[in-house]
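Okay, run_33.cif is below, mmCIF, N, CA and C atoms:
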```
data_start
#
loop_
_atom_site.label_atom_id
_atom_site.label_comp_id
_atom_site.auth_asym_id
_atom_site.auth_seq_id
_atom_site.Cartn_x
_atom_site.Cartn_y
_atom_site.Cartn_z
N MET A 1 -7.89 25.65 10.33
CA MET A 1 -6.93 24.69 9.81
C MET A 1 -7.53 23.29 9.86
N THR A 2 -7.26 22.49 8.87
CA THR A 2 -7.82 21.16 8.78
C THR A 2 -7.01 20.15 9.58
N GLU A 3 -7.70 19.24 10.24
CA GLU A 3 -7.03 18.17 10.97
C GLU A 3 -6.38 17.21 9.98
N PRO A 4 -5.19 16.69 10.29
CA PRO A 4 -4.59 15.70 9.40
C PRO A 4 -5.44 14.44 9.37
N ARG A 5 -5.53 13.85 8.21
CA ARG A 5 -6.34 12.65 8.03
C ARG A 5 -5.56 11.44 8.51
N GLY A 6 -6.21 10.58 9.26
CA GLY A 6 -5.58 9.35 9.70
C GLY A 6 -6.12 8.17 8.91
N PHE A 7 -5.29 7.22 8.68
CA PHE A 7 -5.69 6.00 7.98
C PHE A 7 -5.34 4.83 8.90
N PRO A 8 -6.28 4.44 9.78
CA PRO A 8 -5.97 3.41 10.77
C PRO A 8 -5.60 2.07 10.13
N THR A 9 -4.71 1.40 10.80
CA THR A 9 -4.27 0.07 10.35
C THR A 9 -5.22 -0.98 10.90
N PRO A 10 -5.26 -2.16 10.33
CA PRO A 10 -4.46 -2.61 9.19
C PRO A 10 -5.06 -2.11 7.87
N TRP A 11 -4.20 -2.03 6.87
CA TRP A 11 -4.65 -1.72 5.52
C TRP A 11 -4.86 -3.03 4.79
N LEU A 12 -5.98 -3.15 4.11
CA LEU A 12 -6.35 -4.39 3.44
C LEU A 12 -6.47 -4.18 1.93
N VAL A 13 -6.18 -5.23 1.17
CA VAL A 13 -6.34 -5.21 -0.28
C VAL A 13 -7.66 -5.89 -0.60
N VAL A 14 -8.54 -5.17 -1.28
CA VAL A 14 -9.85 -5.70 -1.64
C VAL A 14 -9.96 -5.69 -3.17
N GLU A 15 -10.27 -6.86 -3.74
CA GLU A 15 -10.41 -6.93 -5.19
C GLU A 15 -11.77 -6.41 -5.62
N LYS A 16 -11.76 -5.55 -6.61
CA LYS A 16 -12.97 -4.99 -7.21
C LYS A 16 -12.96 -5.35 -8.70
N ALA A 17 -13.90 -4.84 -9.46
CA ALA A 17 -13.94 -5.09 -10.90
C ALA A 17 -12.76 -4.40 -11.57
N GLU A 18 -11.85 -5.17 -12.10
CA GLU A 18 -10.66 -4.69 -12.81
C GLU A 18 -9.80 -3.75 -11.99
N SER A 19 -9.79 -3.93 -10.66
CA SER A 19 -8.94 -3.10 -9.81
C SER A 19 -8.77 -3.77 -8.45
N PHE A 20 -7.78 -3.26 -7.72
CA PHE A 20 -7.60 -3.61 -6.32
C PHE A 20 -7.64 -2.31 -5.54
N CYS A 21 -8.38 -2.32 -4.46
CA CYS A 21 -8.51 -1.14 -3.62
C CYS A 21 -7.79 -1.43 -2.30
N VAL A 22 -6.90 -0.53 -1.89
CA VAL A 22 -6.27 -0.64 -0.58
C VAL A 22 -7.13 0.20 0.36
N GLU A 23 -7.69 -0.44 1.38
CA GLU A 23 -8.57 0.23 2.33
C GLU A 23 -7.96 0.20 3.72
N ASP A 24 -8.20 1.28 4.47
CA ASP A 24 -7.76 1.28 5.86
C ASP A 24 -8.76 0.50 6.71
N ALA A 25 -8.51 0.44 8.02
CA ALA A 25 -9.36 -0.35 8.91
C ALA A 25 -10.79 0.15 8.96
N ALA A 26 -11.01 1.42 8.61
CA ALA A 26 -12.35 1.99 8.61
C ALA A 26 -13.05 1.81 7.26
N GLY A 27 -12.36 1.19 6.30
CA GLY A 27 -12.94 0.98 4.99
C GLY A 27 -12.75 2.14 4.03
N VAL A 28 -11.94 3.13 4.40
CA VAL A 28 -11.67 4.28 3.54
C VAL A 28 -10.60 3.88 2.51
N ALA A 29 -10.87 4.21 1.24
CA ALA A 29 -9.91 3.88 0.18
C ALA A 29 -8.65 4.72 0.33
N VAL A 30 -7.52 4.05 0.36
CA VAL A 30 -6.22 4.71 0.46
C VAL A 30 -5.59 4.79 -0.93
N ALA A 31 -5.76 3.74 -1.74
CA ALA A 31 -5.17 3.70 -3.08
C ALA A 31 -5.91 2.68 -3.93
N TRP A 32 -5.82 2.88 -5.24
CA TRP A 32 -6.40 1.95 -6.21
C TRP A 32 -5.31 1.56 -7.20
N THR A 33 -5.29 0.31 -7.61
CA THR A 33 -4.46 -0.13 -8.73
C THR A 33 -5.39 -0.82 -9.73
N TYR A 34 -5.24 -0.47 -10.99
CA TYR A 34 -6.14 -0.98 -12.02
C TYR A 34 -5.44 -1.98 -12.92
N PHE A 35 -6.22 -2.94 -13.42
CA PHE A 35 -5.67 -3.94 -14.33
C PHE A 35 -6.67 -4.28 -15.40
N SER A 36 -6.18 -4.96 -16.42
CA SER A 36 -7.06 -5.46 -17.47
C SER A 36 -6.60 -6.86 -17.82
N ASP A 37 -7.56 -7.75 -18.05
CA ASP A 37 -7.25 -9.11 -18.45
C ASP A 37 -7.01 -9.21 -19.96
N GLU A 38 -7.36 -8.17 -20.69
CA GLU A 38 -7.24 -8.19 -22.14
C GLU A 38 -5.96 -7.47 -22.58
N GLU A 39 -5.12 -8.17 -23.30
CA GLU A 39 -3.85 -7.59 -23.73
C GLU A 39 -4.03 -6.35 -24.59
N ALA A 40 -5.00 -6.37 -25.48
CA ALA A 40 -5.24 -5.20 -26.35
C ALA A 40 -5.61 -3.97 -25.52
N SER A 41 -6.41 -4.18 -24.50
CA SER A 41 -6.81 -3.08 -23.62
C SER A 41 -5.61 -2.55 -22.84
N ARG A 42 -4.75 -3.46 -22.35
CA ARG A 42 -3.55 -3.03 -21.61
C ARG A 42 -2.64 -2.20 -22.51
N THR A 43 -2.50 -2.64 -23.75
CA THR A 43 -1.65 -1.91 -24.69
C THR A 43 -2.22 -0.51 -24.95
N ALA A 44 -3.52 -0.42 -25.13
CA ALA A 44 -4.16 0.86 -25.45
C ALA A 44 -4.20 1.82 -24.26
N THR A 45 -4.40 1.28 -23.05
CA THR A 45 -4.60 2.14 -21.88
C THR A 45 -3.39 2.20 -20.96
N GLY A 46 -2.48 1.28 -21.10
CA GLY A 46 -1.33 1.23 -20.20
C GLY A 46 -1.65 0.56 -18.88
N ALA A 47 -2.81 -0.10 -18.80
CA ALA A 47 -3.19 -0.78 -17.57
C ALA A 47 -2.23 -1.94 -17.28
N MET A 48 -2.16 -2.32 -16.03
CA MET A 48 -1.30 -3.43 -15.60
C MET A 48 -2.01 -4.76 -15.77
N THR A 49 -1.23 -5.83 -15.66
CA THR A 49 -1.84 -7.16 -15.57
C THR A 49 -2.43 -7.30 -14.17
N ARG A 50 -3.28 -8.30 -13.98
CA ARG A 50 -3.89 -8.52 -12.67
C ARG A 50 -2.80 -8.77 -11.61
N ASP A 51 -1.81 -9.61 -11.95
CA ASP A 51 -0.74 -9.92 -11.00
C ASP A 51 0.07 -8.68 -10.62
N GLU A 52 0.38 -7.83 -11.61
CA GLU A 52 1.12 -6.60 -11.33
C GLU A 52 0.33 -5.69 -10.39
N ALA A 53 -0.94 -5.50 -10.70
CA ALA A 53 -1.78 -4.62 -9.89
C ALA A 53 -1.93 -5.15 -8.46
N GLN A 54 -2.08 -6.45 -8.32
CA GLN A 54 -2.21 -7.05 -7.00
C GLN A 54 -0.91 -6.91 -6.21
N ARG A 55 0.22 -7.13 -6.86
CA ARG A 55 1.52 -7.03 -6.19
C ARG A 55 1.75 -5.60 -5.68
N ILE A 56 1.42 -4.60 -6.49
CA ILE A 56 1.61 -3.21 -6.08
C ILE A 56 0.64 -2.85 -4.95
N ALA A 57 -0.60 -3.30 -5.04
CA ALA A 57 -1.57 -3.03 -3.97
C ALA A 57 -1.10 -3.64 -2.65
N LYS A 58 -0.56 -4.84 -2.69
CA LYS A 58 -0.05 -5.48 -1.47
C LYS A 58 1.12 -4.70 -0.89
N ALA A 59 1.99 -4.18 -1.77
CA ALA A 59 3.12 -3.39 -1.30
C ALA A 59 2.64 -2.10 -0.63
N ILE A 60 1.63 -1.46 -1.20
CA ILE A 60 1.07 -0.24 -0.61
C ILE A 60 0.46 -0.56 0.76
N ALA A 61 -0.24 -1.69 0.86
CA ALA A 61 -0.89 -2.07 2.12
C ALA A 61 0.13 -2.33 3.23
N MET A 62 1.38 -2.61 2.87
CA MET A 62 2.42 -2.87 3.87
C MET A 62 3.07 -1.59 4.39
N ILE A 63 2.75 -0.43 3.83
CA ILE A 63 3.43 0.81 4.21
C ILE A 63 3.37 1.08 5.72
N PRO A 64 2.22 1.00 6.38
CA PRO A 64 2.22 1.29 7.83
C PRO A 64 3.13 0.35 8.61
N GLU A 65 3.15 -0.93 8.24
CA GLU A 65 4.01 -1.89 8.94
C GLU A 65 5.48 -1.59 8.69
N MET A 66 5.82 -1.21 7.45
CA MET A 66 7.20 -0.89 7.13
C MET A 66 7.66 0.35 7.88
N ARG A 67 6.78 1.34 8.02
CA ARG A 67 7.14 2.54 8.78
C ARG A 67 7.45 2.19 10.22
N THR A 68 6.69 1.27 10.81
CA THR A 68 6.94 0.83 12.18
C THR A 68 8.28 0.11 12.28
N ILE A 69 8.56 -0.76 11.32
CA ILE A 69 9.83 -1.49 11.31
C ILE A 69 11.00 -0.53 11.18
N ILE A 70 10.90 0.43 10.27
CA ILE A 70 11.98 1.40 10.07
C ILE A 70 12.19 2.22 11.33
N ARG A 71 11.10 2.68 11.95
CA ARG A 71 11.20 3.46 13.18
C ARG A 71 11.91 2.64 14.27
N THR A 72 11.56 1.36 14.40
CA THR A 72 12.18 0.50 15.40
C THR A 72 13.67 0.35 15.13
N LEU A 73 14.03 0.15 13.86
CA LEU A 73 15.45 0.04 13.51
C LEU A 73 16.20 1.33 13.82
N GLN A 74 15.59 2.46 13.49
CA GLN A 74 16.23 3.75 13.77
C GLN A 74 16.42 3.96 15.26
N ASP A 75 15.41 3.59 16.05
CA ASP A 75 15.53 3.72 17.51
C ASP A 75 16.66 2.84 18.04
N GLY A 76 16.75 1.62 17.51
CA GLY A 76 17.82 0.71 17.93
C GLY A 76 19.19 1.24 17.57
N LEU A 77 19.32 1.82 16.39
CA LEU A 77 20.60 2.40 15.97
C LEU A 77 20.97 3.60 16.84
N ALA A 78 19.96 4.41 17.16
CA ALA A 78 20.22 5.58 18.00
C ALA A 78 20.68 5.15 19.39
N GLU A 79 20.07 4.09 19.94
CA GLU A 79 20.48 3.57 21.24
C GLU A 79 21.89 3.02 21.19
N ALA A 80 22.21 2.33 20.10
CA ALA A 80 23.54 1.76 19.93
C ALA A 80 24.59 2.87 19.85
N ASP A 81 24.26 3.96 19.15
CA ASP A 81 25.18 5.08 19.03
C ASP A 81 25.46 5.74 20.38
N THR A 82 24.44 5.91 21.19
CA THR A 82 24.63 6.53 22.49
C THR A 82 25.33 5.58 23.45
N GLY A 83 25.16 4.31 23.27
CA GLY A 83 25.82 3.33 24.14
C GLY A 83 27.31 3.23 23.89
N GLU A 84 27.75 3.57 22.68
CA GLU A 84 29.17 3.46 22.32
C GLU A 84 29.96 4.66 22.80
N SER A 85 29.31 5.78 23.10
CA SER A 85 30.02 7.01 23.44
C SER A 85 30.71 6.94 24.76
#
```

Write the structure described by the file as structure tokens, please.
Amino acid sequence: MTEPRGFPTPWLVVEKAESFCVEDAAGVAVAWTYFSDEEASRTATGAMTRDEAQRIAKAIAMIPEMRTIIRTLQDGLAEADTGES
């Protein structure tokens, strides 16, 4: 059986040629978002604008932090529920 793959934090957004790469702390690519500066190319390929691609890459890079925040909120709610009983 294969070991689950870990993607250590922090996740960083690195700009490449016509793309943004989201990398984990070890430099492993987690996700790519592609863009084109040319409108004709975007129309033909469906590529995003640079700003769109960067915004999505930044959102992806926040996933580990958001999971921690959600877990903390859930723990707090669970404690509040047991405290009211």

Please identify all polymer residues within 7 Å of A:Phe35, counting only N, CA and C atoms, omitting same-chain residues fewer than 5 positions from it, and present them as a short mmCIF file (atom, residue, chain, number, x, y, z; two decimals) with N, CA and C atoms, in the frame of the given file.
```cif
data_model
loop_
_atom_site.label_atom_id
_atom_site.label_comp_id
_atom_site.auth_asym_id
_atom_site.auth_seq_id
_atom_site.Cartn_x
_atom_site.Cartn_y
_atom_site.Cartn_z
N ALA A 17 -13.90 -4.84 -9.46
CA ALA A 17 -13.94 -5.09 -10.90
C ALA A 17 -12.76 -4.40 -11.57
N GLU A 18 -11.85 -5.17 -12.10
CA GLU A 18 -10.66 -4.69 -12.81
C GLU A 18 -9.80 -3.75 -11.99
N SER A 19 -9.79 -3.93 -10.66
CA SER A 19 -8.94 -3.10 -9.81
C SER A 19 -8.77 -3.77 -8.45
N PHE A 20 -7.78 -3.26 -7.72
CA PHE A 20 -7.60 -3.61 -6.32
C PHE A 20 -7.64 -2.31 -5.54
N ALA A 47 -2.81 -0.10 -18.80
CA ALA A 47 -3.19 -0.78 -17.57
C ALA A 47 -2.23 -1.94 -17.28
N MET A 48 -2.16 -2.32 -16.03
CA MET A 48 -1.30 -3.43 -15.60
C MET A 48 -2.01 -4.76 -15.77
N THR A 49 -1.23 -5.83 -15.66
CA THR A 49 -1.84 -7.16 -15.57
C THR A 49 -2.43 -7.30 -14.17
N ARG A 50 -3.28 -8.30 -13.98
CA ARG A 50 -3.89 -8.52 -12.67
C ARG A 50 -2.80 -8.77 -11.61
N ALA A 53 -0.94 -5.50 -10.70
CA ALA A 53 -1.78 -4.62 -9.89
C ALA A 53 -1.93 -5.15 -8.46
#
```

What do you get, as a ChimeraX atom specification, if you spell out every residue that the PyMOL selection byres (((chain A and resi 28 and name CA) around 12) and name CA) selects here?
/A:5-14,21-27,29-32

Selection above as a file: N, CA and C atoms, as a PDB file, in the frame of the given file:
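Heads up, here's the output in again.pdb:
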```pdb
ATOM      1  N   ARG A   5      -5.530  13.850   8.210  1.00  0.00           N
ATOM      2  CA  ARG A   5      -6.340  12.650   8.030  1.00  0.00           C
ATOM      3  C   ARG A   5      -5.560  11.440   8.510  1.00  0.00           C
ATOM      4  N   GLY A   6      -6.210  10.580   9.260  1.00  0.00           N
ATOM      5  CA  GLY A   6      -5.580   9.350   9.700  1.00  0.00           C
ATOM      6  C   GLY A   6      -6.120   8.170   8.910  1.00  0.00           C
ATOM      7  N   PHE A   7      -5.290   7.220   8.680  1.00  0.00           N
ATOM      8  CA  PHE A   7      -5.690   6.000   7.980  1.00  0.00           C
ATOM      9  C   PHE A   7      -5.340   4.830   8.900  1.00  0.00           C
ATOM     10  N   PRO A   8      -6.280   4.440   9.780  1.00  0.00           N
ATOM     11  CA  PRO A   8      -5.970   3.410  10.770  1.00  0.00           C
ATOM     12  C   PRO A   8      -5.600   2.070  10.130  1.00  0.00           C
ATOM     13  N   THR A   9      -4.710   1.400  10.800  1.00  0.00           N
ATOM     14  CA  THR A   9      -4.270   0.070  10.350  1.00  0.00           C
ATOM     15  C   THR A   9      -5.220  -0.980  10.900  1.00  0.00           C
ATOM     16  N   PRO A  10      -5.260  -2.160  10.330  1.00  0.00           N
ATOM     17  CA  PRO A  10      -4.460  -2.610   9.190  1.00  0.00           C
ATOM     18  C   PRO A  10      -5.060  -2.110   7.870  1.00  0.00           C
ATOM     19  N   TRP A  11      -4.200  -2.030   6.870  1.00  0.00           N
ATOM     20  CA  TRP A  11      -4.650  -1.720   5.520  1.00  0.00           C
ATOM     21  C   TRP A  11      -4.860  -3.030   4.790  1.00  0.00           C
ATOM     22  N   LEU A  12      -5.980  -3.150   4.110  1.00  0.00           N
ATOM     23  CA  LEU A  12      -6.350  -4.390   3.440  1.00  0.00           C
ATOM     24  C   LEU A  12      -6.470  -4.180   1.930  1.00  0.00           C
ATOM     25  N   VAL A  13      -6.180  -5.230   1.170  1.00  0.00           N
ATOM     26  CA  VAL A  13      -6.340  -5.210  -0.280  1.00  0.00           C
ATOM     27  C   VAL A  13      -7.660  -5.890  -0.600  1.00  0.00           C
ATOM     28  N   VAL A  14      -8.540  -5.170  -1.280  1.00  0.00           N
ATOM     29  CA  VAL A  14      -9.850  -5.700  -1.640  1.00  0.00           C
ATOM     30  C   VAL A  14      -9.960  -5.690  -3.170  1.00  0.00           C
ATOM     31  N   CYS A  21      -8.380  -2.320  -4.460  1.00  0.00           N
ATOM     32  CA  CYS A  21      -8.510  -1.140  -3.620  1.00  0.00           C
ATOM     33  C   CYS A  21      -7.790  -1.430  -2.300  1.00  0.00           C
ATOM     34  N   VAL A  22      -6.900  -0.530  -1.890  1.00  0.00           N
ATOM     35  CA  VAL A  22      -6.270  -0.640  -0.580  1.00  0.00           C
ATOM     36  C   VAL A  22      -7.130   0.200   0.360  1.00  0.00           C
ATOM     37  N   GLU A  23      -7.690  -0.440   1.380  1.00  0.00           N
ATOM     38  CA  GLU A  23      -8.570   0.230   2.330  1.00  0.00           C
ATOM     39  C   GLU A  23      -7.960   0.200   3.720  1.00  0.00           C
ATOM     40  N   ASP A  24      -8.200   1.280   4.470  1.00  0.00           N
ATOM     41  CA  ASP A  24      -7.760   1.280   5.860  1.00  0.00           C
ATOM     42  C   ASP A  24      -8.760   0.500   6.710  1.00  0.00           C
ATOM     43  N   ALA A  25      -8.510   0.440   8.020  1.00  0.00           N
ATOM     44  CA  ALA A  25      -9.360  -0.350   8.910  1.00  0.00           C
ATOM     45  C   ALA A  25     -10.790   0.150   8.960  1.00  0.00           C
ATOM     46  N   ALA A  26     -11.010   1.420   8.610  1.00  0.00           N
ATOM     47  CA  ALA A  26     -12.350   1.990   8.610  1.00  0.00           C
ATOM     48  C   ALA A  26     -13.050   1.810   7.260  1.00  0.00           C
ATOM     49  N   GLY A  27     -12.360   1.190   6.300  1.00  0.00           N
ATOM     50  CA  GLY A  27     -12.940   0.980   4.990  1.00  0.00           C
ATOM     51  C   GLY A  27     -12.750   2.140   4.030  1.00  0.00           C
ATOM     52  N   ALA A  29     -10.870   4.210   1.240  1.00  0.00           N
ATOM     53  CA  ALA A  29      -9.910   3.880   0.180  1.00  0.00           C
ATOM     54  C   ALA A  29      -8.650   4.720   0.330  1.00  0.00           C
ATOM     55  N   VAL A  30      -7.520   4.050   0.360  1.00  0.00           N
ATOM     56  CA  VAL A  30      -6.220   4.710   0.460  1.00  0.00           C
ATOM     57  C   VAL A  30      -5.590   4.790  -0.930  1.00  0.00           C
ATOM     58  N   ALA A  31      -5.760   3.740  -1.740  1.00  0.00           N
ATOM     59  CA  ALA A  31      -5.170   3.700  -3.080  1.00  0.00           C
ATOM     60  C   ALA A  31      -5.910   2.680  -3.930  1.00  0.00           C
ATOM     61  N   TRP A  32      -5.820   2.880  -5.240  1.00  0.00           N
ATOM     62  CA  TRP A  32      -6.400   1.950  -6.210  1.00  0.00           C
ATOM     63  C   TRP A  32      -5.310   1.560  -7.200  1.00  0.00           C
TER      64      TRP A  32
END
```

DSSP helix (DSSP H, G or I) selection over stretch 30-75 of chain A, as a ChimeraX atom specification
/A:39-45,50-61,63-75

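In this comparison, which uses only C-alpha atoms, the residue of A:Asp51, A:Arg71, A:Ile56, A:Gly83 approaching A:Asp37 most closely is A:Asp51.
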
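Between atom CA of A:Asp75 and atom CA of A:Ile63 the separation is 18.2 Å.
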
One number please: atom N of A:Ser36 to atom C of A:Lys16, in Å, one decimal.
10.3 Å

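Per DSSP on the backbone, strand (DSSP E or B) in chain A comprises Leu12, Val13, Val14, Glu15, Lys16, Ser19, Phe20, Cys21, Val22, Glu23, Ala29, Val30, Ala31, Trp32, Thr33, Tyr34, Phe35 and Met48 of chain A.
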